[in-house]
$ cat work34.txt   # compact mmCIF, C-alpha atoms
# COMPACT_ATOMS: atom_id res chain seq x y z
CA MET B 1 -23.01 -44.03 -26.67
CA ALA B 2 -20.03 -45.05 -28.82
CA SER B 3 -22.33 -46.80 -31.27
CA GLU B 4 -24.53 -43.69 -31.51
CA SER B 5 -21.56 -41.44 -32.32
CA GLY B 6 -20.30 -44.10 -34.73
CA ASP B 7 -23.65 -44.12 -36.53
CA ALA B 8 -23.53 -40.33 -36.63
CA LEU B 9 -20.09 -40.43 -38.26
CA LYS B 10 -21.33 -42.95 -40.84
CA ARG B 11 -24.27 -40.69 -41.72
CA ILE B 12 -22.00 -37.63 -41.86
CA PHE B 13 -19.56 -39.26 -44.26
CA GLY B 14 -22.35 -40.89 -46.27
CA ASN B 15 -24.32 -37.67 -46.69
CA THR B 16 -21.14 -35.74 -47.41
CA GLY B 17 -20.49 -38.23 -50.19
CA PHE B 18 -23.71 -37.20 -51.94
CA LEU B 19 -22.76 -33.52 -51.63
CA ILE B 20 -19.27 -34.26 -52.93
CA ALA B 21 -20.67 -36.08 -55.96
CA GLY B 22 -22.68 -33.01 -56.95
CA ARG B 23 -19.86 -30.56 -56.36
CA ALA B 24 -17.29 -32.83 -57.99
CA THR B 25 -19.39 -32.87 -61.15
CA ASN B 26 -19.55 -29.07 -61.01
CA ALA B 27 -15.78 -28.82 -60.43
CA ILE B 28 -15.02 -31.05 -63.41
CA CYS B 29 -17.41 -29.13 -65.63
CA SER B 30 -16.03 -25.81 -64.41
CA PHE B 31 -12.73 -26.65 -66.09
CA LEU B 32 -14.69 -26.79 -69.32
CA TYR B 33 -17.08 -23.84 -69.03
CA ILE B 34 -14.46 -21.45 -67.63
CA ALA B 35 -12.01 -22.41 -70.37
CA TRP B 36 -14.71 -21.94 -73.03
CA ALA B 37 -15.74 -18.57 -71.58
CA VAL B 38 -12.12 -17.32 -71.47
CA ARG B 39 -11.55 -18.33 -75.09
CA ALA B 40 -14.81 -16.75 -76.23
CA LEU B 41 -14.42 -13.48 -74.31
CA GLY B 42 -10.67 -13.04 -73.80
CA LEU B 43 -9.07 -12.73 -70.35
CA SER B 44 -10.04 -9.10 -69.75
CA ARG B 45 -13.72 -9.51 -70.71
CA PHE B 46 -13.85 -12.77 -68.76
CA GLY B 47 -12.58 -10.75 -65.80
CA VAL B 48 -15.56 -8.42 -66.20
CA LEU B 49 -17.87 -11.45 -66.20
CA MET B 50 -16.26 -12.67 -62.97
CA LEU B 51 -16.53 -9.24 -61.34
CA VAL B 52 -20.22 -8.81 -62.18
CA THR B 53 -21.23 -12.34 -61.16
CA THR B 54 -19.06 -12.20 -58.02
CA PHE B 55 -20.69 -8.91 -57.03
CA GLY B 56 -24.14 -10.46 -57.49
CA THR B 57 -23.17 -13.50 -55.42
CA ALA B 58 -21.65 -11.29 -52.71
CA ILE B 59 -24.80 -9.18 -52.43
CA SER B 60 -26.99 -12.29 -52.36
CA THR B 61 -24.88 -13.78 -49.60
CA ALA B 62 -24.77 -10.50 -47.68
CA THR B 63 -28.57 -10.17 -47.69
CA HIS B 64 -29.49 -13.86 -47.47
CA LEU B 65 -31.10 -15.13 -44.28
CA GLN B 66 -29.79 -18.65 -43.75
CA SER B 67 -33.23 -20.19 -43.28
CA TRP B 68 -32.06 -23.82 -43.34
CA GLN B 69 -30.35 -23.36 -39.98
CA PRO B 70 -33.44 -22.22 -38.03
CA LEU B 71 -35.44 -24.90 -39.87
CA LEU B 72 -33.12 -27.57 -38.46
CA HIS B 73 -32.70 -25.88 -35.08
CA TYR B 74 -36.42 -25.38 -34.40
CA GLY B 75 -38.00 -27.85 -36.82
CA THR B 76 -36.16 -31.09 -36.07
CA ASP B 77 -38.03 -31.89 -32.86
CA PRO B 78 -41.60 -31.25 -34.15
CA PHE B 79 -40.80 -32.97 -37.46
CA THR B 80 -39.35 -36.05 -35.72
CA ASN B 81 -42.15 -36.29 -33.12
CA GLY B 82 -45.07 -35.80 -35.51
CA ARG B 83 -46.09 -32.23 -34.61
CA ARG B 84 -46.78 -31.42 -38.26
CA ALA B 85 -48.73 -28.18 -37.68
CA GLN B 86 -45.92 -26.67 -35.62
CA PHE B 87 -43.33 -27.75 -38.18
CA SER B 88 -45.41 -26.23 -40.99
CA ARG B 89 -45.41 -22.86 -39.22
CA VAL B 90 -41.64 -22.95 -38.72
CA LEU B 91 -41.22 -23.92 -42.39
CA ALA B 92 -43.44 -21.03 -43.50
CA PHE B 93 -41.24 -18.60 -41.56
CA CYS B 94 -38.15 -19.96 -43.32
CA VAL B 95 -39.71 -19.74 -46.79
CA ARG B 96 -40.74 -16.12 -46.19
CA ALA B 97 -37.22 -15.35 -44.96
CA ASP B 98 -35.78 -16.67 -48.25
CA TYR B 99 -38.10 -14.69 -50.48
CA LEU B 100 -37.79 -11.52 -48.40
CA SER B 101 -33.99 -11.65 -48.47
CA GLY B 102 -34.04 -12.35 -52.22
CA GLY B 103 -36.11 -9.22 -52.88
CA VAL B 104 -33.92 -7.07 -50.63
CA GLY B 105 -30.80 -8.44 -52.34
CA TRP B 106 -32.15 -7.53 -55.76
CA LEU B 107 -32.74 -3.92 -54.67
CA VAL B 108 -29.36 -3.62 -52.93
CA GLY B 109 -27.53 -5.14 -55.90
CA THR B 110 -29.20 -2.81 -58.40
CA LEU B 111 -28.43 0.23 -56.24
CA GLY B 112 -24.84 -0.95 -55.75
CA VAL B 113 -24.25 -1.26 -59.48
CA ALA B 114 -25.71 2.20 -60.09
CA LEU B 115 -23.52 3.84 -57.42
CA PHE B 116 -20.28 1.84 -57.41
CA GLY B 117 -20.22 -0.34 -60.53
CA THR B 118 -17.32 1.24 -62.40
CA ALA B 119 -15.30 1.57 -59.18
CA MET B 120 -15.18 -2.24 -59.00
CA GLY B 121 -13.29 -2.60 -62.25
CA TRP B 122 -15.78 -3.07 -65.10
CA PRO B 123 -16.26 -0.48 -67.89
CA ALA B 124 -19.15 2.01 -67.84
CA ALA B 125 -20.45 0.47 -71.09
CA ASP B 126 -21.25 -2.75 -69.17
CA GLN B 127 -23.31 -1.01 -66.47
CA GLY B 128 -26.66 -1.81 -68.08
CA ALA B 129 -25.90 -5.52 -68.46
CA ALA B 130 -24.58 -5.68 -64.89
CA MET B 131 -27.71 -4.00 -63.53
CA LEU B 132 -29.94 -6.41 -65.44
CA TYR B 133 -27.95 -9.36 -64.06
CA MET B 134 -28.79 -8.24 -60.52
CA THR B 135 -32.34 -9.55 -61.03
CA THR B 136 -30.72 -12.99 -60.65
CA ILE B 137 -30.31 -12.29 -56.93
CA ALA B 138 -34.10 -12.57 -56.49
CA PHE B 139 -33.95 -16.33 -57.13
CA MET B 140 -30.53 -17.20 -55.67
CA ASN B 141 -32.06 -17.99 -52.28
CA PHE B 142 -33.65 -21.44 -51.85
CA SER B 143 -32.25 -22.35 -48.46
CA TRP B 144 -35.52 -23.70 -47.02
CA SER B 145 -35.58 -26.62 -49.46
CA ALA B 146 -31.99 -27.52 -48.57
CA GLY B 147 -33.15 -27.64 -44.94
CA VAL B 148 -35.99 -30.00 -45.90
CA PHE B 149 -33.51 -32.31 -47.68
CA ARG B 150 -31.36 -32.43 -44.54
CA LEU B 151 -34.29 -33.07 -42.23
CA CYS B 152 -35.44 -35.95 -44.44
CA ASN B 153 -31.88 -37.28 -44.72
CA SER B 154 -32.17 -36.91 -48.50
CA PHE B 155 -28.83 -35.24 -49.15
CA TRP B 156 -28.66 -36.86 -52.57
CA LEU B 157 -31.25 -34.35 -53.77
CA ASN B 158 -28.66 -31.58 -53.36
CA MET B 159 -26.65 -33.44 -55.99
CA LEU B 160 -29.57 -33.16 -58.44
CA VAL B 161 -29.89 -29.43 -57.73
CA ASP B 162 -26.18 -28.87 -58.39
CA LEU B 163 -26.37 -31.01 -61.51
CA SER B 164 -29.21 -28.95 -62.97
CA GLY B 165 -27.19 -25.74 -62.68
CA THR B 166 -23.98 -27.34 -63.91
CA LEU B 167 -25.74 -28.71 -67.00
CA VAL B 168 -27.17 -25.32 -67.97
CA ARG B 169 -23.87 -23.48 -67.46
CA THR B 170 -21.74 -26.06 -69.29
CA VAL B 171 -24.03 -26.39 -72.30
CA GLY B 172 -24.58 -22.63 -72.47
CA SER B 173 -20.86 -21.88 -72.28
CA GLY B 174 -20.08 -24.47 -74.95
CA LEU B 175 -22.62 -22.92 -77.33
CA GLY B 176 -21.21 -19.47 -76.59
CA PHE B 177 -17.72 -20.69 -77.47
CA LEU B 178 -18.89 -22.29 -80.72
CA TYR B 179 -20.81 -19.22 -81.87
CA HIS B 180 -18.41 -16.57 -80.49
CA MET B 181 -20.94 -14.97 -78.16
CA GLY B 182 -20.18 -11.90 -76.04
CA LEU B 183 -20.42 -10.78 -72.43
CA ASP B 184 -24.20 -10.23 -72.41
CA TYR B 185 -24.79 -13.80 -73.52
CA TYR B 186 -22.54 -15.23 -70.79
CA LEU B 187 -24.23 -13.13 -68.13
CA LEU B 188 -27.52 -14.65 -69.32
CA VAL B 189 -26.04 -18.16 -69.05
CA TRP B 190 -24.90 -17.51 -65.46
CA SER B 191 -28.36 -16.14 -64.67
CA MET B 192 -30.15 -19.14 -66.18
CA THR B 193 -27.92 -21.41 -64.09
CA GLN B 194 -29.33 -19.88 -60.90
CA LEU B 195 -32.89 -20.06 -62.24
CA ALA B 196 -32.48 -23.76 -63.02
CA MET B 197 -31.19 -24.49 -59.50
CA PHE B 198 -33.99 -22.44 -57.91
CA THR B 199 -36.68 -24.27 -59.89
CA THR B 200 -35.21 -27.73 -59.27
CA SER B 201 -34.65 -27.14 -55.55
CA THR B 202 -38.16 -25.73 -55.00
CA GLY B 203 -39.83 -28.58 -56.88
CA LEU B 204 -37.88 -31.27 -55.04
CA GLY B 205 -38.50 -29.56 -51.68
CA LEU B 206 -42.26 -29.55 -52.24
CA LEU B 207 -42.09 -33.19 -53.34
CA GLN B 208 -40.27 -34.16 -50.13
CA LEU B 209 -42.92 -32.43 -48.02
CA ARG B 210 -45.63 -34.34 -49.85
CA LEU B 211 -43.84 -37.65 -49.33
CA ALA B 212 -43.35 -36.89 -45.61
CA GLY B 213 -47.14 -36.82 -45.23
CA GLY B 214 -49.36 -34.70 -43.03
CA ILE B 215 -47.58 -31.42 -43.79
CA ARG B 216 -49.87 -28.72 -45.13
CA PHE B 217 -47.59 -26.11 -46.59
CA ASN B 218 -48.94 -22.58 -46.21
CA PRO B 219 -46.29 -19.88 -46.76
CA PHE B 220 -48.47 -17.32 -44.94
CA ALA B 221 -48.88 -19.34 -41.72
CA ARG B 222 -47.79 -17.35 -38.66
CA LEU B 223 -45.71 -18.74 -35.83
CA ALA B 224 -47.70 -19.56 -32.70
CA GLU B 225 -46.46 -18.68 -29.23
CA GLY B 226 -43.90 -21.24 -28.11
CA ASP B 227 -43.24 -22.60 -31.62
CA ALA B 228 -39.72 -21.18 -31.95
CA PRO B 229 -38.68 -18.82 -29.16
CA GLY B 230 -35.80 -16.57 -30.22
CA ILE B 231 -35.98 -17.60 -33.89
CA TRP B 232 -35.34 -14.10 -35.22
CA ARG B 233 -32.29 -13.65 -33.02
CA PHE B 234 -30.96 -17.06 -34.00
CA THR B 235 -31.61 -16.42 -37.72
CA LEU B 236 -29.95 -13.01 -37.68
CA SER B 237 -26.93 -14.33 -35.76
CA THR B 238 -26.31 -17.28 -38.08
CA SER B 239 -26.99 -15.14 -41.15
CA GLY B 240 -24.69 -12.40 -39.86
CA ASN B 241 -21.93 -14.96 -39.52
CA HIS B 242 -22.54 -16.06 -43.12
CA VAL B 243 -22.54 -12.45 -44.31
CA LEU B 244 -19.15 -11.80 -42.79
CA SER B 245 -17.86 -15.03 -44.27
CA SER B 246 -18.95 -13.78 -47.70
CA VAL B 247 -16.94 -10.61 -47.16
CA PHE B 248 -13.90 -12.85 -46.78
CA ASN B 249 -14.77 -15.00 -49.81
CA GLN B 250 -16.27 -12.55 -52.30
CA PHE B 251 -15.22 -8.98 -51.60
CA GLY B 252 -11.54 -9.90 -51.82
CA THR B 253 -12.08 -10.54 -55.54
CA LEU B 254 -13.89 -7.23 -55.95
CA LEU B 255 -11.13 -5.37 -54.11
CA VAL B 256 -8.46 -6.99 -56.29
CA GLY B 257 -10.46 -5.99 -59.38
CA GLY B 258 -10.67 -2.39 -58.20
CA LEU B 259 -6.92 -2.21 -57.43
CA LEU B 260 -5.38 -4.33 -60.19
CA GLY B 261 -7.99 -4.54 -62.97
CA PRO B 262 -10.23 -7.25 -64.49
CA ALA B 263 -7.43 -9.51 -65.78
CA ASP B 264 -5.77 -9.83 -62.37
CA ALA B 265 -9.20 -10.27 -60.78
CA ALA B 266 -9.87 -13.18 -63.16
CA VAL B 267 -6.59 -14.87 -62.19
CA TYR B 268 -7.31 -14.29 -58.48
CA ARG B 269 -10.87 -15.63 -58.76
CA VAL B 270 -9.94 -18.73 -60.74
CA SER B 271 -6.92 -19.56 -58.55
CA ARG B 272 -9.13 -19.18 -55.48
CA GLN B 273 -11.71 -21.42 -57.13
CA ILE B 274 -9.04 -24.08 -57.75
CA GLY B 275 -7.85 -23.92 -54.14
CA GLU B 276 -11.36 -24.07 -52.73
CA GLY B 277 -12.36 -26.74 -55.23
CA ILE B 278 -9.53 -29.01 -54.09
CA ALA B 279 -10.58 -28.50 -50.45
CA LYS B 280 -14.33 -28.58 -51.12
CA PRO B 281 -14.98 -32.26 -50.21
CA ALA B 282 -14.18 -31.62 -46.55
CA GLN B 283 -16.01 -28.27 -46.48
CA LEU B 284 -19.17 -30.05 -47.59
CA MET B 285 -19.29 -31.82 -44.23
CA VAL B 286 -20.83 -28.68 -42.67
CA PRO B 287 -24.43 -29.26 -43.86
CA ALA B 288 -24.18 -32.94 -42.86
CA LEU B 289 -22.85 -32.05 -39.40
CA TYR B 290 -25.77 -29.91 -38.24
CA PRO B 291 -28.51 -32.57 -38.06
CA GLU B 292 -26.14 -35.07 -36.39
CA PHE B 293 -24.95 -32.58 -33.77
CA ILE B 294 -28.59 -31.64 -33.08
CA ARG B 295 -29.55 -35.31 -32.57
CA LEU B 296 -26.63 -35.85 -30.16
CA ARG B 297 -27.44 -32.61 -28.35
CA ASP B 298 -31.09 -33.59 -27.89
CA ARG B 299 -29.89 -36.85 -26.30
CA GLN B 300 -27.35 -34.88 -24.20
CA ASP B 301 -24.62 -37.16 -25.52
CA TRP B 302 -21.77 -34.70 -24.90
CA TYR B 303 -19.04 -37.33 -25.17
CA GLY B 304 -20.58 -38.46 -28.45
CA ILE B 305 -20.26 -34.91 -29.79
CA LYS B 306 -16.65 -34.79 -28.58
CA ARG B 307 -15.86 -38.14 -30.20
CA VAL B 308 -17.34 -37.06 -33.54
CA THR B 309 -15.47 -33.73 -33.45
CA VAL B 310 -12.08 -35.33 -32.68
CA GLN B 311 -12.56 -37.95 -35.40
CA LEU B 312 -13.41 -35.23 -37.92
CA PHE B 313 -10.28 -33.27 -36.99
CA LEU B 314 -8.14 -36.37 -37.56
CA THR B 315 -9.81 -37.00 -40.92
CA ILE B 316 -9.43 -33.39 -42.02
CA GLY B 317 -5.77 -33.34 -40.96
CA GLY B 318 -4.93 -36.32 -43.14
CA PHE B 319 -6.99 -34.93 -45.98
CA SER B 320 -5.16 -31.58 -45.81
CA ILE B 321 -1.76 -33.24 -46.23
CA ALA B 322 -2.99 -34.99 -49.38
CA LEU B 323 -4.40 -31.69 -50.68
CA MET B 324 -1.06 -29.96 -50.46
CA GLY B 325 0.52 -32.67 -52.57
CA VAL B 326 -2.20 -32.37 -55.22
CA ALA B 327 -1.80 -28.57 -55.32
CA MET B 328 1.98 -28.78 -55.78
CA LEU B 329 1.61 -31.21 -58.68
CA MET B 330 -1.50 -29.93 -60.46
CA GLY B 331 -2.33 -26.40 -59.29
CA ASN B 332 -0.35 -24.39 -61.84
CA ILE B 333 -1.28 -26.78 -64.65
CA LEU B 334 -5.00 -26.28 -63.94
CA LEU B 335 -4.60 -22.50 -63.75
CA THR B 336 -2.77 -22.37 -67.09
CA TRP B 337 -5.29 -24.66 -68.79
CA MET B 338 -8.37 -22.81 -67.53
CA LEU B 339 -7.11 -19.28 -68.32
CA HIS B 340 -5.25 -20.23 -71.50
CA VAL B 341 -2.24 -18.17 -70.34
CA HIS B 342 0.81 -19.04 -68.24
CA TRP B 343 0.83 -16.90 -65.10
CA HIS B 344 4.23 -16.39 -63.48
CA GLY B 345 4.12 -17.53 -59.87
CA GLY B 346 0.92 -19.49 -60.39
CA ARG B 347 2.06 -22.39 -58.18
CA HIS B 348 2.79 -20.07 -55.24
CA LEU B 349 -0.59 -18.42 -55.73
CA ILE B 350 -2.43 -21.75 -55.73
CA MET B 351 -0.55 -22.92 -52.63
CA LEU B 352 -1.48 -19.76 -50.75
CA MET B 353 -5.12 -20.10 -51.79
CA LEU B 354 -5.14 -23.73 -50.69
CA GLY B 355 -3.51 -22.76 -47.39
CA SER B 356 -6.38 -20.40 -46.71
CA ALA B 357 -8.88 -23.11 -47.67
CA VAL B 358 -7.18 -25.68 -45.41
CA LEU B 359 -7.40 -23.32 -42.44
CA GLY B 360 -11.08 -23.00 -43.30
CA LEU B 361 -11.33 -26.78 -43.05
CA GLY B 362 -10.25 -26.57 -39.43
CA ILE B 363 -13.38 -24.52 -38.72
CA VAL B 364 -15.64 -27.16 -40.34
CA PRO B 365 -16.49 -28.99 -37.06
CA LEU B 366 -16.18 -25.88 -34.85
CA GLU B 367 -18.77 -23.55 -36.38
CA PRO B 368 -21.75 -25.96 -36.38
CA LEU B 369 -20.81 -27.21 -32.90
CA LEU B 370 -20.78 -23.69 -31.44
CA THR B 371 -24.10 -22.98 -33.18
CA VAL B 372 -25.80 -26.13 -31.87
CA ILE B 373 -24.66 -25.63 -28.25
CA GLY B 374 -26.03 -22.08 -28.21
CA GLN B 375 -22.76 -20.15 -28.67
CA VAL B 376 -23.40 -18.83 -32.16
CA SER B 377 -22.61 -15.33 -30.87
CA ARG B 378 -18.99 -16.43 -30.43
CA VAL B 379 -18.81 -17.40 -34.10
CA LEU B 380 -20.31 -14.05 -35.07
CA ARG B 381 -17.82 -12.21 -32.83
CA ALA B 382 -14.94 -14.13 -34.45
CA ARG B 383 -16.19 -13.22 -37.93
CA ILE B 384 -16.39 -9.55 -36.99
CA ILE B 385 -12.80 -9.57 -35.71
CA VAL B 386 -11.55 -11.40 -38.79
CA THR B 387 -13.42 -9.08 -41.18
CA LEU B 388 -12.10 -5.95 -39.49
CA THR B 389 -8.62 -7.43 -39.78
CA TYR B 390 -8.92 -8.85 -43.28
CA LEU B 391 -10.21 -5.89 -45.28
CA PRO B 392 -7.38 -3.43 -44.47
CA LEU B 393 -4.89 -6.30 -44.57
CA VAL B 394 -5.86 -7.46 -48.06
CA TYR B 395 -5.86 -3.85 -49.29
CA GLY B 396 -2.37 -3.13 -47.99
CA MET B 397 -0.86 -6.48 -49.01
CA THR B 398 -2.39 -6.28 -52.49
CA ARG B 399 -0.88 -2.84 -52.99
CA LEU B 400 2.54 -4.15 -51.88
CA TRP B 401 2.70 -7.67 -53.38
CA ARG B 402 -0.23 -7.77 -55.82
CA LEU B 403 -1.95 -11.17 -56.16
CA GLU B 404 0.42 -13.03 -53.85
CA GLY B 405 -0.20 -10.41 -51.17
CA ALA B 406 -3.98 -10.75 -51.52
CA ALA B 407 -3.73 -14.54 -51.18
CA ALA B 408 -1.41 -14.31 -48.16
CA ALA B 409 -3.91 -11.99 -46.42
CA GLY B 410 -6.46 -14.78 -46.65
CA VAL B 411 -4.08 -17.19 -44.91
CA VAL B 412 -3.55 -14.74 -42.01
CA ALA B 413 -7.31 -14.20 -41.65
CA GLY B 414 -7.99 -17.95 -41.69
CA LEU B 415 -5.44 -18.55 -38.94
CA ILE B 416 -7.06 -15.88 -36.73
CA MET B 417 -10.55 -17.33 -37.29
CA PHE B 418 -9.42 -20.86 -36.41
CA GLY B 419 -7.74 -19.76 -33.19
CA ILE B 420 -10.71 -17.72 -31.98
CA CYS B 421 -13.23 -20.55 -32.63
CA LEU B 422 -11.07 -23.30 -31.14
CA ARG B 423 -10.76 -21.69 -27.70
CA PRO B 424 -14.48 -21.80 -26.65
CA VAL B 425 -14.85 -25.34 -28.01
CA LEU B 426 -11.97 -26.59 -25.84
CA ALA B 427 -13.47 -24.78 -22.84
CA TRP B 428 -16.89 -26.35 -23.49
CA PHE B 429 -15.41 -29.84 -23.78
CA GLY B 430 -13.50 -29.28 -20.54
CA GLN B 431 -16.77 -28.46 -18.79
CA MET B 432 -19.26 -30.86 -20.40
CA ALA B 433 -17.08 -33.79 -21.53
CA PRO B 434 -13.79 -33.77 -19.58
CA GLY B 435 -11.30 -36.53 -20.25
CA ARG B 436 -12.46 -39.82 -21.69
CA ALA B 437 -16.05 -40.99 -21.77
CA PRO B 438 -16.96 -42.99 -18.64
CA ALA B 439 -17.28 -46.74 -19.16
CA ARG B 440 -20.82 -48.07 -19.43
CA PRO B 441 -21.92 -49.96 -16.32
CA VAL B 442 -21.97 -53.75 -16.67
CA THR B 443 -25.48 -55.14 -16.21
CA ALA B 444 -26.94 -58.61 -16.23
CA GLU B 445 -28.42 -57.92 -19.65
CA THR B 446 -25.11 -56.94 -21.19
CA GLN B 447 -23.40 -59.96 -19.62
CA GLY B 448 -25.97 -62.43 -20.79
CA GLY B 449 -26.56 -60.81 -24.13
CA GLU B 450 -29.75 -59.36 -25.48
CA GLY B 451 -32.66 -61.22 -23.94
CA GLY B 452 -30.34 -63.28 -21.68
CA THR B 453 -30.57 -63.73 -17.93
CA GLY B 454 -26.90 -63.42 -17.03
CA THR B 455 -25.01 -65.53 -14.53

$ encode --input "work34.txt" --output "structure tokens"
Amino acid sequence: MASESGDALKRIFGNTGFLIAGRATNAICSFLYIAWAVRALGLSRFGVLMLVTTFGTAISTATHLQSWQPLLHYGTDPFTNGRRAQFSRVLAFCVRADYLSGGVGWLVGTLGVALFGTAMGWPAADQGAAMLYMTTIAFMNFSWSAGVFRLCNSFWLNMLVDLSGTLVRTVGSGLGFLYHMGLDYYLLVWSMTQLAMFTTSTGLGLLQLRLAGGIRFNPFARLAEGDAPGIWRFTLSTSGNHVLSSVFNQFGTLLVGGLLGPADAAVYRVSRQIGEGIAKPAQLMVPALYPEFIRLRDRQDWYGIKRVTVQLFLTIGGFSIALMGVAMLMGNILLTWMLHVHWHGGRHLIMLMLGSAVLGLGIVPLEPLLTVIGQVSRVLRARIIVTLTYLPLVYGMTRLWRLEGAAAAGVVAGLIMFGICLRPVLAWFGQMAPGRAPARPVTAETQGGEGGTGT
């Protein structure tokens, strides 16, 4: 059992390494393309760019069905045991979920710009460009292919997908800086970034299915009875949790823009990006955790799950201490360099943003564990409580203490979320894996070694 959980930890850290490589490249390049965009547009116009693209991302997240989770939840067993026809039907459901949610997101985003665009902080003259950008939402959703990468243990392909988008955005932003391009051009660059990632992810996903062999991909295949009981409920629950998480991550920026204006929104968004970027390596464990928790669950290795979870908490704790040191030394320097202005209180702002991100790290092992053991409703309930608390809190604290108040509201919300998720996990461990794992019984085989007769 210990060796199985040890192998799971090795795969988790190994696969996380591939995800980190892709995101690290994006983080390094973001220092370049954000700096170039700020210099080309000016801080206020860059704030408009951030508001429009953040709104598009928020709507995409709010309407996106997280199809990779049901693909892993219902597709791992038939994929592993060679039931290709059943897996193909589950896959077809997930692909349709992606495309359906992308179309709905496009409509909702366009309607949202028409009704509330200027209320979110950008000028009326930019309404047309913002509405046109909302077409990007239609191809922001390619979750099914990410699920295929995880099933095939090919996490390194996510790195290629991230790299394709990073390359387009960095080169496009550099050209815009050299030729003094305006807001419409940069909106096009951000849109082409998503198109490049969509195309790369779809192509690599189809290639993986072909290499797996025996999978006939038909996006119109219907689920048969018994293929995936409760898949809609599971999909809506996990997606609802993700939607509420996006409210925490995205709508805070939009609210700051509406209250304080585009320039402050730009500072808030970039400082949040720095805080999350510093903490991102640990957050990228989440996709790698799901397949390993599912494998341990299918073997009913409850102590293995407990051992992996405790080890991850210890790793994240040590990592968080190092993050705080990095933020104190480098946070304000990065903010000043990226925005090309010195913002008073920038170090405090970065520390608050990182504090919120570190609390989010504590939820990294808890959320996938609760999902895998069939308690995803508890995660959804926690998100609802946190959202109902966060939105009025960030509004009031932003009005009182401006950007520092908005960042502090995120810390309070993160602390509430961590506490609510930790309680059912401790209760589950107390029931299914109390105390230490029992010692393995000594047998003649283990005494004499593999193939031995014992004494």

$ closest_atom_pairs --input "work34.txt" --of "stretch 252-271 of chain B" --to "stretch 389-410 of chain B" --cutoff "9 Å" --atoms "only C-alpha atoms" --output "JSON lines"
{"residue": "B:Gly252", "atom": "CA", "partner": "B:Val394", "partner_atom": "CA", "distance": 7.2}
{"residue": "B:Leu255", "atom": "CA", "partner": "B:Tyr395", "partner_atom": "CA", "distance": 7.3}
{"residue": "B:Val256", "atom": "CA", "partner": "B:Thr398", "partner_atom": "CA", "distance": 7.2}
{"residue": "B:Leu259", "atom": "CA", "partner": "B:Arg399", "partner_atom": "CA", "distance": 7.5}
{"residue": "B:Leu260", "atom": "CA", "partner": "B:Arg402", "partner_atom": "CA", "distance": 7.6}
{"residue": "B:Asp264", "atom": "CA", "partner": "B:Leu403", "partner_atom": "CA", "distance": 7.4}
{"residue": "B:Ala265", "atom": "CA", "partner": "B:Leu403", "partner_atom": "CA", "distance": 8.6}
{"residue": "B:Val267", "atom": "CA", "partner": "B:Leu403", "partner_atom": "CA", "distance": 8.5}
{"residue": "B:Tyr268", "atom": "CA", "partner": "B:Leu403", "partner_atom": "CA", "distance": 6.6}

$ write_last_selection --input "work34.txt" --atoms "C-alpha atoms" --output "PDB file, in the frame of the given file"
ATOM      1  CA  GLY B 252     -11.540  -9.900 -51.820  1.00  0.00           C
ATOM      2  CA  LEU B 255     -11.130  -5.370 -54.110  1.00  0.00           C
ATOM      3  CA  VAL B 256      -8.460  -6.990 -56.290  1.00  0.00           C
ATOM      4  CA  LEU B 259      -6.920  -2.210 -57.430  1.00  0.00           C
ATOM      5  CA  LEU B 260      -5.380  -4.330 -60.190  1.00  0.00           C
ATOM      6  CA  ASP B 264      -5.770  -9.830 -62.370  1.00  0.00           C
ATOM      7  CA  ALA B 265      -9.200 -10.270 -60.780  1.00  0.00           C
ATOM      8  CA  VAL B 267      -6.590 -14.870 -62.190  1.00  0.00           C
ATOM      9  CA  TYR B 268      -7.310 -14.290 -58.480  1.00  0.00           C
TER      10      TYR B 268
END

$ atom_distance --input "work34.txt" --atom1 "atom CA of B:Ala97" --atom2 "atom CA of B:Gly75"
14.9 Å

$ residues_around --input "work34.txt" --residues "stretch 140-155 of chain B" --least-positions-apart "4" --cutoff "9 Å" --atoms "only C-alpha atoms" --output "ChimeraX atom specification"
/B:11,15-19,57,60-61,64-72,75-76,79-80,91,94-95,97-99,101-102,136,159,194-195,197-198,201-206,208-209,212,287-288,290-291

$ residues_around --input "work34.txt" --residues "B:Gly109" --least-positions-apart "2" --cutoff "7 Å" --atoms "all atoms listed in the file" --output "count of residues only"
9

$ closest_residue --input "work34.txt" --among "B:Ser88, B:Leu314, B:Thr200, B:Ser271" --to "B:Phe31" --atoms "only C-alpha atoms"
B:Ser271

$ atom_distance --input "work34.txt" --atom1 "atom CA of B:Ile231" --atom2 "atom CA of B:Gly430"
28.6 Å

$ closest_residue --input "work34.txt" --among "B:Leu312, B:Ile373, B:Leu388, B:Val104" --to "B:Ala413" --atoms "all atoms listed in the file"
B:Leu388

$ atom_distance --input "work34.txt" --atom1 "atom CA of B:Val326" --atom2 "atom CA of B:Arg272"
14.9 Å

$ residues_around --input "work34.txt" --residues "B:Asp184" --least-positions-apart "5" --cutoff "10 Å" --atoms "all atoms listed in the file" --output "MDAnalysis selection string"
chainID B and resid 49 126 128:130 132:133 189
